[in-house]
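**Q** Below is the file structure-v4.cif, which contains mmCIF, C-alpha atoms.
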```cif
data_query
#
loop_
_atom_site.group_PDB
_atom_site.id
_atom_site.type_symbol
_atom_site.label_atom_id
_atom_site.label_comp_id
_atom_site.auth_asym_id
_atom_site.auth_seq_id
_atom_site.Cartn_x
_atom_site.Cartn_y
_atom_site.Cartn_z
ATOM 1 C CA MET A 272 20.168 -23.843 -8.048
ATOM 2 C CA GLU A 273 16.604 -24.742 -8.711
ATOM 3 C CA ARG A 274 14.118 -22.510 -10.509
ATOM 4 C CA LYS A 275 10.395 -22.947 -10.632
ATOM 5 C CA ASN A 276 7.958 -20.805 -12.619
ATOM 6 C CA PHE A 277 4.665 -20.143 -10.954
ATOM 7 C CA ILE A 278 1.333 -19.736 -12.706
ATOM 8 C CA ARG A 279 -0.299 -16.365 -12.924
ATOM 9 C CA SER A 280 -3.124 -15.744 -10.538
ATOM 10 C CA LEU A 281 -5.949 -13.250 -10.970
ATOM 11 C CA MET A 282 -8.012 -12.732 -7.855
ATOM 12 C CA ILE A 283 -10.808 -10.161 -7.676
ATOM 13 C CA GLY A 284 -11.775 -9.098 -4.162
ATOM 14 C CA ALA A 285 -13.863 -6.480 -2.407
ATOM 15 C CA ILE A 286 -13.032 -2.774 -2.452
ATOM 16 C CA SER A 287 -10.428 -3.131 0.267
ATOM 17 C CA THR A 288 -8.870 -6.180 -1.443
ATOM 18 C CA PRO A 289 -6.374 -5.607 -4.274
ATOM 19 C CA VAL A 290 -6.574 -7.436 -7.570
ATOM 20 C CA ILE A 291 -3.187 -9.051 -8.026
ATOM 21 C CA ILE A 292 -1.680 -10.388 -11.221
ATOM 22 C CA GLU A 293 1.721 -11.780 -10.334
ATOM 23 C CA ALA A 294 4.172 -14.114 -12.047
ATOM 24 C CA CYS A 295 6.592 -15.471 -9.460
ATOM 25 C CA LYS A 296 9.926 -17.193 -9.880
ATOM 26 C CA LYS A 297 11.735 -19.046 -7.130
ATOM 27 C CA SER A 298 15.317 -20.182 -6.836
ATOM 28 C CA SER A 299 16.794 -21.728 -3.737
ATOM 29 C CA ILE A 300 20.401 -22.124 -2.648
ATOM 30 C CA THR A 301 21.312 -24.193 0.364
ATOM 31 C CA ASP A 302 24.531 -24.515 2.333
ATOM 32 C CA GLY A 303 24.140 -26.952 5.206
ATOM 33 C CA THR A 304 21.010 -28.706 6.372
ATOM 34 C CA THR A 305 17.646 -27.791 7.779
ATOM 35 C CA SER A 306 15.202 -29.660 9.971
ATOM 36 C CA GLY A 307 11.744 -29.237 11.419
ATOM 37 C CA SER A 308 8.460 -28.075 10.005
ATOM 38 C CA GLY A 309 8.493 -24.368 10.835
ATOM 39 C CA SER A 310 4.939 -24.505 12.142
ATOM 40 C CA GLY A 311 3.548 -23.844 15.591
ATOM 41 C CA SER A 312 1.791 -21.408 17.867
ATOM 42 C CA ALA A 313 2.563 -17.742 18.304
ATOM 43 C CA GLY A 314 4.478 -18.534 21.470
ATOM 44 C CA THR A 315 6.444 -21.592 20.388
ATOM 45 C CA THR A 316 7.076 -21.212 16.673
ATOM 46 C CA THR A 317 10.509 -22.133 15.362
ATOM 47 C CA SER A 318 12.068 -21.383 12.003
ATOM 48 C CA THR A 319 14.279 -23.744 10.059
ATOM 49 C CA ASN A 320 16.424 -21.132 8.327
ATOM 50 C CA GLY A 321 18.814 -20.585 11.239
ATOM 51 C CA ASN A 322 21.788 -22.658 10.092
ATOM 52 C CA CYS A 323 23.493 -21.626 6.865
ATOM 53 C CA THR A 324 20.577 -21.817 4.490
ATOM 54 C CA VAL A 325 19.707 -19.187 1.926
ATOM 55 C CA ALA A 326 15.999 -18.485 1.671
ATOM 56 C CA PRO A 327 14.646 -18.698 -1.890
ATOM 57 C CA THR A 328 14.823 -15.598 -4.013
ATOM 58 C CA GLU A 329 11.324 -14.187 -4.498
ATOM 59 C CA THR A 330 9.634 -11.537 -6.572
ATOM 60 C CA GLU A 331 9.459 -7.976 -5.255
ATOM 61 C CA GLY A 332 5.790 -8.230 -6.132
ATOM 62 C CA PRO A 333 3.670 -5.570 -7.813
ATOM 63 C CA PHE A 334 4.124 -3.024 -4.994
ATOM 64 C CA PRO A 335 7.883 -2.499 -4.363
ATOM 65 C CA THR A 336 9.053 0.664 -2.644
ATOM 66 C CA LYS A 337 9.634 3.328 -5.278
ATOM 67 C CA VAL A 338 12.203 5.477 -3.482
ATOM 68 C CA PRO A 339 13.480 3.318 -0.593
ATOM 69 C CA ALA A 340 16.336 5.601 0.442
ATOM 70 C CA SER A 341 13.775 8.230 1.444
ATOM 71 C CA TYR A 342 12.372 6.062 4.243
ATOM 72 C CA VAL A 343 15.311 5.375 6.540
ATOM 73 C CA ARG A 344 13.429 4.702 9.758
ATOM 74 C CA SER A 345 12.821 1.934 12.269
ATOM 75 C CA ASP A 346 9.171 2.781 13.036
ATOM 76 C CA ILE A 347 7.301 2.245 9.797
ATOM 77 C CA THR A 348 3.710 2.323 11.100
ATOM 78 C CA ASP A 349 3.174 5.865 9.768
ATOM 79 C CA GLY A 350 -0.303 6.142 11.260
ATOM 80 C CA ARG A 351 -1.637 2.729 10.268
ATOM 81 C CA THR A 352 -3.632 0.951 12.962
ATOM 82 C CA GLY A 353 -3.353 -2.699 13.881
ATOM 83 C CA TYR A 354 -1.765 -5.070 16.373
ATOM 84 C CA LYS A 355 1.783 -3.974 17.156
ATOM 85 C CA MET A 356 4.550 -6.062 15.658
ATOM 86 C CA THR A 357 8.316 -5.776 16.140
ATOM 87 C CA ALA A 358 10.279 -7.338 13.287
ATOM 88 C CA LYS A 359 13.858 -8.367 14.048
ATOM 89 C CA ILE A 360 15.702 -9.442 10.917
ATOM 90 C CA THR A 361 19.287 -10.689 11.012
ATOM 91 C CA ILE A 362 21.491 -10.770 7.939
ATOM 92 C CA GLY A 363 24.240 -13.394 7.684
ATOM 93 C CA ASN A 364 27.038 -13.785 5.147
ATOM 94 C CA ILE A 365 27.045 -17.230 3.552
ATOM 95 C CA ASN A 366 30.621 -16.610 2.396
ATOM 96 C CA ASN A 367 31.650 -16.335 6.069
ATOM 97 C CA SER A 368 29.830 -19.358 7.549
ATOM 98 C CA CYS A 369 26.687 -17.203 7.800
ATOM 99 C CA ALA A 370 28.271 -14.946 10.416
ATOM 100 C CA ALA A 371 26.571 -11.618 11.079
ATOM 101 C CA LEU A 372 26.864 -9.137 8.219
ATOM 102 C CA ALA A 373 27.280 -5.590 9.519
ATOM 103 C CA GLY A 374 26.555 -2.587 7.323
ATOM 104 C CA ALA A 375 24.007 -4.315 5.083
ATOM 105 C CA ILE A 376 21.021 -2.251 3.961
ATOM 106 C CA VAL A 377 17.630 -3.857 4.569
ATOM 107 C CA ASP A 378 14.332 -2.657 3.108
ATOM 108 C CA ILE A 379 11.024 -4.143 4.199
ATOM 109 C CA TRP A 380 7.434 -3.465 3.163
ATOM 110 C CA HIS A 381 4.045 -5.080 3.669
ATOM 111 C CA CYS A 382 0.326 -4.394 3.417
ATOM 112 C CA ASP A 383 -1.850 -2.804 6.101
ATOM 113 C CA ALA A 384 -4.636 -4.453 8.113
ATOM 114 C CA GLU A 385 -7.013 -4.203 5.158
ATOM 115 C CA GLY A 386 -4.550 -5.678 2.661
ATOM 116 C CA ASN A 387 -3.542 -2.419 0.970
ATOM 117 C CA TYR A 388 -0.065 -1.115 0.122
ATOM 118 C CA SER A 389 1.134 2.458 0.272
ATOM 119 C CA GLU A 390 2.485 4.197 -2.861
ATOM 120 C CA TYR A 391 -0.054 2.422 -5.078
ATOM 121 C CA GLY A 392 -3.757 2.268 -5.782
ATOM 122 C CA GLY A 393 -6.556 3.800 -7.792
ATOM 123 C CA SER A 394 -6.280 1.067 -10.410
ATOM 124 C CA GLY A 395 -7.327 -2.514 -11.072
ATOM 125 C CA MET A 396 -4.476 -3.882 -8.967
ATOM 126 C CA GLN A 397 -5.578 -1.979 -5.854
ATOM 127 C CA SER A 398 -8.776 0.010 -5.802
ATOM 128 C CA THR A 399 -7.975 2.130 -2.731
ATOM 129 C CA ASN A 400 -5.644 4.954 -3.738
ATOM 130 C CA TYR A 401 -2.620 5.303 -1.449
ATOM 131 C CA GLN A 402 -0.192 6.706 -4.027
ATOM 132 C CA SER A 403 0.709 9.753 -1.938
ATOM 133 C CA VAL A 404 1.540 7.981 1.350
ATOM 134 C CA HIS A 405 4.361 5.673 2.412
ATOM 135 C CA PHE A 406 3.163 3.618 5.375
ATOM 136 C CA LEU A 407 4.651 0.233 6.298
ATOM 137 C CA ARG A 408 7.860 0.753 4.333
ATOM 138 C CA GLY A 409 11.290 1.377 5.768
ATOM 139 C CA ARG A 410 15.032 0.958 5.523
ATOM 140 C CA GLN A 411 17.647 0.198 8.167
ATOM 141 C CA THR A 412 21.350 -0.718 8.194
ATOM 142 C CA THR A 413 22.458 -3.808 10.102
ATOM 143 C CA ASP A 414 24.471 -3.374 13.303
ATOM 144 C CA THR A 415 27.526 -5.392 14.351
ATOM 145 C CA ASN A 416 25.207 -8.338 15.064
ATOM 146 C CA GLY A 417 23.761 -8.177 11.561
ATOM 147 C CA LEU A 418 20.450 -7.043 13.038
ATOM 148 C CA VAL A 419 17.812 -4.539 11.992
ATOM 149 C CA THR A 420 14.662 -3.890 14.030
ATOM 150 C CA PHE A 421 11.432 -2.419 12.709
ATOM 151 C CA THR A 422 8.307 -1.375 14.613
ATOM 152 C CA SER A 423 5.215 -2.049 12.547
ATOM 153 C CA ILE A 424 1.772 -3.645 12.688
ATOM 154 C CA PHE A 425 0.836 -7.245 11.992
ATOM 155 C CA PRO A 426 0.152 -7.458 8.237
ATOM 156 C CA GLY A 427 -3.316 -8.115 6.923
ATOM 157 C CA TRP A 428 -3.994 -10.224 3.841
ATOM 158 C CA TYR A 429 -5.406 -9.903 0.371
ATOM 159 C CA SER A 430 -6.816 -12.371 -2.152
ATOM 160 C CA GLY A 431 -4.391 -14.930 -3.499
ATOM 161 C CA ARG A 432 -1.646 -14.450 -0.911
ATOM 162 C CA ALA A 433 -0.786 -15.643 2.579
ATOM 163 C CA THR A 434 0.341 -13.129 5.204
ATOM 164 C CA HIS A 435 3.855 -12.011 4.279
ATOM 165 C CA ILE A 436 6.590 -9.379 4.453
ATOM 166 C CA HIS A 437 8.833 -8.362 1.560
ATOM 167 C CA VAL A 438 12.587 -7.999 2.169
ATOM 168 C CA HIS A 439 15.309 -6.566 -0.067
ATOM 169 C CA VAL A 440 18.921 -6.749 1.132
ATOM 170 C CA TYR A 441 21.756 -4.640 -0.324
ATOM 171 C CA ASN A 442 25.429 -4.376 0.534
ATOM 172 C CA ALA A 443 26.835 -1.127 1.896
ATOM 173 C CA ALA A 444 27.507 0.086 -1.646
ATOM 174 C CA GLY A 445 23.869 -0.413 -2.613
ATOM 175 C CA THR A 446 24.308 -3.560 -4.712
ATOM 176 C CA SER A 447 21.354 -5.921 -4.449
ATOM 177 C CA LEU A 448 22.157 -9.157 -2.596
ATOM 178 C CA MET A 449 18.748 -10.768 -2.079
ATOM 179 C CA VAL A 450 15.046 -10.200 -2.613
ATOM 180 C CA THR A 451 12.849 -12.549 -0.617
ATOM 181 C CA GLN A 452 9.623 -12.795 1.363
ATOM 182 C CA ILE A 453 8.885 -13.853 4.932
ATOM 183 C CA ALA A 454 5.975 -16.179 5.706
ATOM 184 C CA PHE A 455 4.056 -16.471 8.975
ATOM 185 C CA PRO A 456 3.245 -19.615 10.980
ATOM 186 C CA GLU A 457 -0.321 -20.831 10.656
ATOM 187 C CA GLY A 458 -2.660 -23.165 12.492
ATOM 188 C CA SER A 459 -4.439 -23.182 15.837
ATOM 189 C CA GLY A 460 -2.931 -20.685 18.269
ATOM 190 C CA SER A 461 -0.582 -19.198 15.676
ATOM 191 C CA SER A 462 -0.194 -15.469 15.168
ATOM 192 C CA VAL A 463 -2.255 -15.618 11.973
ATOM 193 C CA ALA A 464 -5.070 -17.410 13.812
ATOM 194 C CA LEU A 465 -4.965 -14.954 16.718
ATOM 195 C CA VAL A 466 -5.170 -11.892 14.481
ATOM 196 C CA ASN A 467 -7.832 -13.652 12.383
ATOM 197 C CA GLY A 468 -7.493 -11.319 9.441
ATOM 198 C CA TYR A 469 -8.607 -8.306 11.502
ATOM 199 C CA SER A 470 -12.163 -7.392 10.448
ATOM 200 C CA LYS A 471 -11.983 -9.555 7.325
ATOM 201 C CA GLY A 472 -11.631 -12.844 9.149
ATOM 202 C CA LEU A 473 -9.957 -15.756 7.378
ATOM 203 C CA THR A 474 -12.735 -16.771 4.999
ATOM 204 C CA GLY A 475 -11.091 -16.922 1.584
ATOM 205 C CA TYR A 476 -7.589 -16.687 3.065
ATOM 206 C CA THR A 477 -4.789 -18.360 1.084
ATOM 207 C CA TYR A 478 -2.612 -20.476 3.375
ATOM 208 C CA ASN A 479 1.120 -20.990 2.901
ATOM 209 C CA ASN A 480 0.695 -24.413 1.309
ATOM 210 C CA ALA A 481 -1.491 -22.911 -1.435
ATOM 211 C CA ASP A 482 0.336 -19.594 -1.812
ATOM 212 C CA ASN A 483 2.078 -19.140 -5.179
ATOM 213 C CA VAL A 484 5.280 -18.040 -3.431
ATOM 214 C CA PHE A 485 5.453 -20.239 -0.337
ATOM 215 C CA SER A 486 3.734 -23.435 -1.501
ATOM 216 C CA ASP A 487 6.946 -25.343 -2.269
ATOM 217 C CA ASP A 488 8.690 -24.349 0.976
ATOM 218 C CA LYS A 489 8.369 -27.842 2.435
ATOM 219 C CA THR A 490 10.849 -27.341 5.302
ATOM 220 C CA GLY A 491 9.708 -23.906 6.484
ATOM 221 C CA ILE A 492 12.793 -21.978 5.363
ATOM 222 C CA GLU A 493 10.667 -18.900 4.733
ATOM 223 C CA ILE A 494 8.557 -19.134 7.900
ATOM 224 C CA ALA A 495 9.537 -16.710 10.654
ATOM 225 C CA THR A 496 9.516 -17.263 14.389
ATOM 226 C CA VAL A 497 6.584 -15.285 15.808
ATOM 227 C CA SER A 498 5.619 -14.910 19.459
ATOM 228 C CA GLY A 499 3.297 -12.639 21.418
ATOM 229 C CA THR A 500 -0.346 -11.811 22.016
ATOM 230 C CA LEU A 501 -2.993 -9.435 20.714
ATOM 231 C CA THR A 502 -2.651 -7.323 23.855
ATOM 232 C CA ALA A 503 1.133 -7.174 24.136
ATOM 233 C CA GLY A 504 1.838 -7.270 20.426
ATOM 234 C CA PHE A 505 3.934 -9.680 18.409
ATOM 235 C CA GLU A 506 7.646 -10.190 17.850
ATOM 236 C CA LEU A 507 8.885 -11.657 14.589
ATOM 237 C CA THR A 508 12.440 -12.916 14.137
ATOM 238 C CA PHE A 509 13.987 -14.141 10.929
ATOM 239 C CA LYS A 510 17.455 -14.636 9.468
ATOM 240 C CA VAL A 511 18.328 -13.944 5.856
ATOM 241 C CA ASN A 512 21.659 -15.367 4.692
ATOM 242 C CA VAL A 513 23.163 -13.751 1.591
ATOM 243 C CA LYS A 514 26.342 -14.062 -0.446
ATOM 244 C CA ALA A 515 28.281 -10.916 0.393
#
```
Mind turning this structure into structure tokens?

**A**
Amino acid sequence: MERKNFIRSLMIGAISTPVIIEACKKSSITDGTTSGSGSGSAGTTTSTNGNCTVAPTETEGPFPTKVPASYVRSDITDGRTGYKMTAKITIGNINNSCAALAGAIVDIWHCDAEGNYSEYGGSGMQSTNYQSVHFLRGRQTTDTNGLVTFTSIFPGWYSGRATHIHVHVYNAAGTSLMVTQIAFPEGSGSSVALVNGYSKGLTGYTYNNADNVFSDDKTGIEIATVSGTLTAGFELTFKVNVKA
């Protein structure tokens, strides 16, 4: 197991951009081998975490869901506008050759098009106050194929971080198995380039190789497969292998 402490970052943005102070720790566990770079366009992107590799454990961040059991739902948009995104996340059991893990509980959450999180705000960490709403957060239980599917919008970005989705996996009894984050492919023609930060653009955007969570992911373990268009929407697929 390898642990790396990340430096604290303090980024002050515009009103719609949160101020984030976050100390991140990473640890990675690998069973098997990976190959490829994990980069590519929105239509051809491949991920390297598909064998029997455990994505690094990541921080829940400063905006974890406060009462996750209250938001058992597959459509997590909750009125937020943006380009449609379907997230298909498969959970595998590393103790069973990474075969599908049925009955696992999966929570996801991410920011909206402007870079804001629900359940927080009105403070230095996020100026816009969304404490009373719960958009872009949800919980599902994996089916016999180890799959959960969420309907959401393509995440925006905020200062100091690349586009990302938070994931917390529990077993059926509610014991935590993994907290991690999902990165997005970047570069010409990628989903991030197509969305172009919504109205914010990508000026000042932090790319994966400079992100304090993803920067040491040299083989693309944390980068999802993303396909689609602005008109039709995007589909994200990712596999999280856990010890269950």

**Q** Around all the atoms of segment 384-397 of chain A listed in the file, with 4 Å of room on each side, what axis-aligned box do you get, giving centre and edge lengths in Å to one decimal, as AutoDock Vina command-line options?

**A**
```
--center_x -2.4 --center_y -0.7 --center_z -1.5 --size_x 17.8 --size_y 17.9 --size_z 27.2
```

**Q** Between atom CA of Arg432 of chain A and atom CA of Glu390 of chain A, what is the distance in Å, rounded to a tenth?

**A**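 Taking atom CA of Arg432 of chain A as the start and atom CA of Glu390 of chain A as the end point, the length is 19.2 Å.
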
**Q** My list of candidates is A:Pro335, A:Thr500, A:Gly427, A:Ala454. Which is closest to Gly472 of chain A when distances are computed with only C-alpha atoms?

**A**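 Nearest candidate to Gly472 of chain A out of A:Pro335, A:Thr500, A:Gly427, A:Ala454: A:Gly427.
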
**Q** Which residue out of A:His439, A:Lys337, A:Thr357, A:Asp378 has the minimum interatomic distance to Ser403 of chain A when all atoms listed in the file are used?

**A**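 The closest residue to Ser403 of chain A is A:Lys337.
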
**Q** Of the residues A:Ser430, A:Thr328, A:Thr336, A:Ser423, which is the one nearest to Gly475 of chain A, using all atoms listed in the file?

**A**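 When distances to Gly475 of chain A are compared using all atoms listed in the file, the smallest one comes from A:Ser430.
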
**Q** Neighbouring residues of Tyr354 of chain A were defined as those with any atom within 8 Å, considering all atoms listed in the file; residues of the same chain fewer than 6 positions away were excluded. Please report them as a ChimeraX atom specification.

**A** /A:424-425,466,501-502,504-505

**Q** Using all atoms listed in the file, collect all residues at a distance of at most 8 Å from (13.1, -13.5, 0.5) as written in the file, then present them as a PyMOL selection string.

**A** chain A and resi 326-329+437-439+449-453+493+511

**Q** Could you list, as an MDAnalysis selection string, every residue within 12 Å of Tyr469 of chain A, counting only C-alpha atoms and ignoring same-chain residues fewer than 6 positions away?

**A** chainID A and resid 352:354 383:386 424:429 434 462:463 476 501

**Q** Could you tell me which of A:Ile379, A:Ala340, A:Ala503, A:Ala433 comes closest to Ser486 of chain A if we count all atoms listed in the file?

**A** A:Ala433

**Q** Could you list, as a PyMOL selection string, every residue within 10 Å of Thr348 of chain A, counting all atoms listed in the file and ignoring same-chain residues fewer than 6 positions away?

**A** chain A and resi 355-356+383+405-409+421-424

**Q** Take the residues from that selection and put them in a file with C-alpha atoms, as a short mmCIF file (atom, residue, chain, number, x, y, z; two decimals), keeping the file's coordinate frame.

**A**
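Writing done, so here's result.cif:
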```
data_model
loop_
_atom_site.label_atom_id
_atom_site.label_comp_id
_atom_site.auth_asym_id
_atom_site.auth_seq_id
_atom_site.Cartn_x
_atom_site.Cartn_y
_atom_site.Cartn_z
CA LYS A 355 1.78 -3.97 17.16
CA MET A 356 4.55 -6.06 15.66
CA ASP A 383 -1.85 -2.80 6.10
CA HIS A 405 4.36 5.67 2.41
CA PHE A 406 3.16 3.62 5.38
CA LEU A 407 4.65 0.23 6.30
CA ARG A 408 7.86 0.75 4.33
CA GLY A 409 11.29 1.38 5.77
CA PHE A 421 11.43 -2.42 12.71
CA THR A 422 8.31 -1.38 14.61
CA SER A 423 5.22 -2.05 12.55
CA ILE A 424 1.77 -3.64 12.69
#
```

**Q** Looking at only C-alpha atoms, which of A:Ala444, A:Gln402, A:Leu507, A:Pro456 is the one that sits closest to Ile492 of chain A?

**A**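 Among A:Ala444, A:Gln402, A:Leu507, A:Pro456, it is A:Pro456 that comes nearest to Ile492 of chain A.
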
**Q** Evaluate the PyMOL selection byres ((chain A and resi 418) around 7) on the structure here and hand back the selected residues as a list in words.

**A**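 For this structure, the PyMOL selection byres ((chain A and resi 418) around 7) resolves to Lys359, Ile360, Thr361, Ile362, Thr413, Asp414, Asn416, Gly417, Val419 and Thr420 of chain A.
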
**Q** In Å, with one decimal, what is the gap from atom CA of Ser447 of chain A to atom CA of Trp380 of chain A?

**A**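 Going from atom CA of Ser447 of chain A over to atom CA of Trp380 of chain A covers 16.1 Å.
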
**Q** Looking at all atoms listed in the file, which of A:Arg410, A:Ala358, A:Gly393, A:Glu331 is the one that sits closest to Thr496 of chain A?

**A**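 Of A:Arg410, A:Ala358, A:Gly393, A:Glu331, the one nearest Thr496 of chain A, counting all atoms listed in the file, is A:Ala358.
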
**Q** Assuming the chain letters and numbering stay as they are in my file, what does the PyMOL selection byres ((chain A and resi 514) around 12) actually select? List them as JSON, numbers by chain.

**A** {"A": [300, 301, 302, 323, 324, 325, 326, 362, 363, 364, 365, 366, 367, 368, 369, 370, 371, 372, 375, 440, 441, 442, 446, 447, 448, 449, 511, 512, 513, 515]}

**Q** Grab the atom CA of Val343 of chain A to atom CA of Ser498 of chain A distance for me, in Å with one decimal place.

**A**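 Between atom CA of Val343 of chain A and atom CA of Ser498 of chain A the gap is 25.9 Å.
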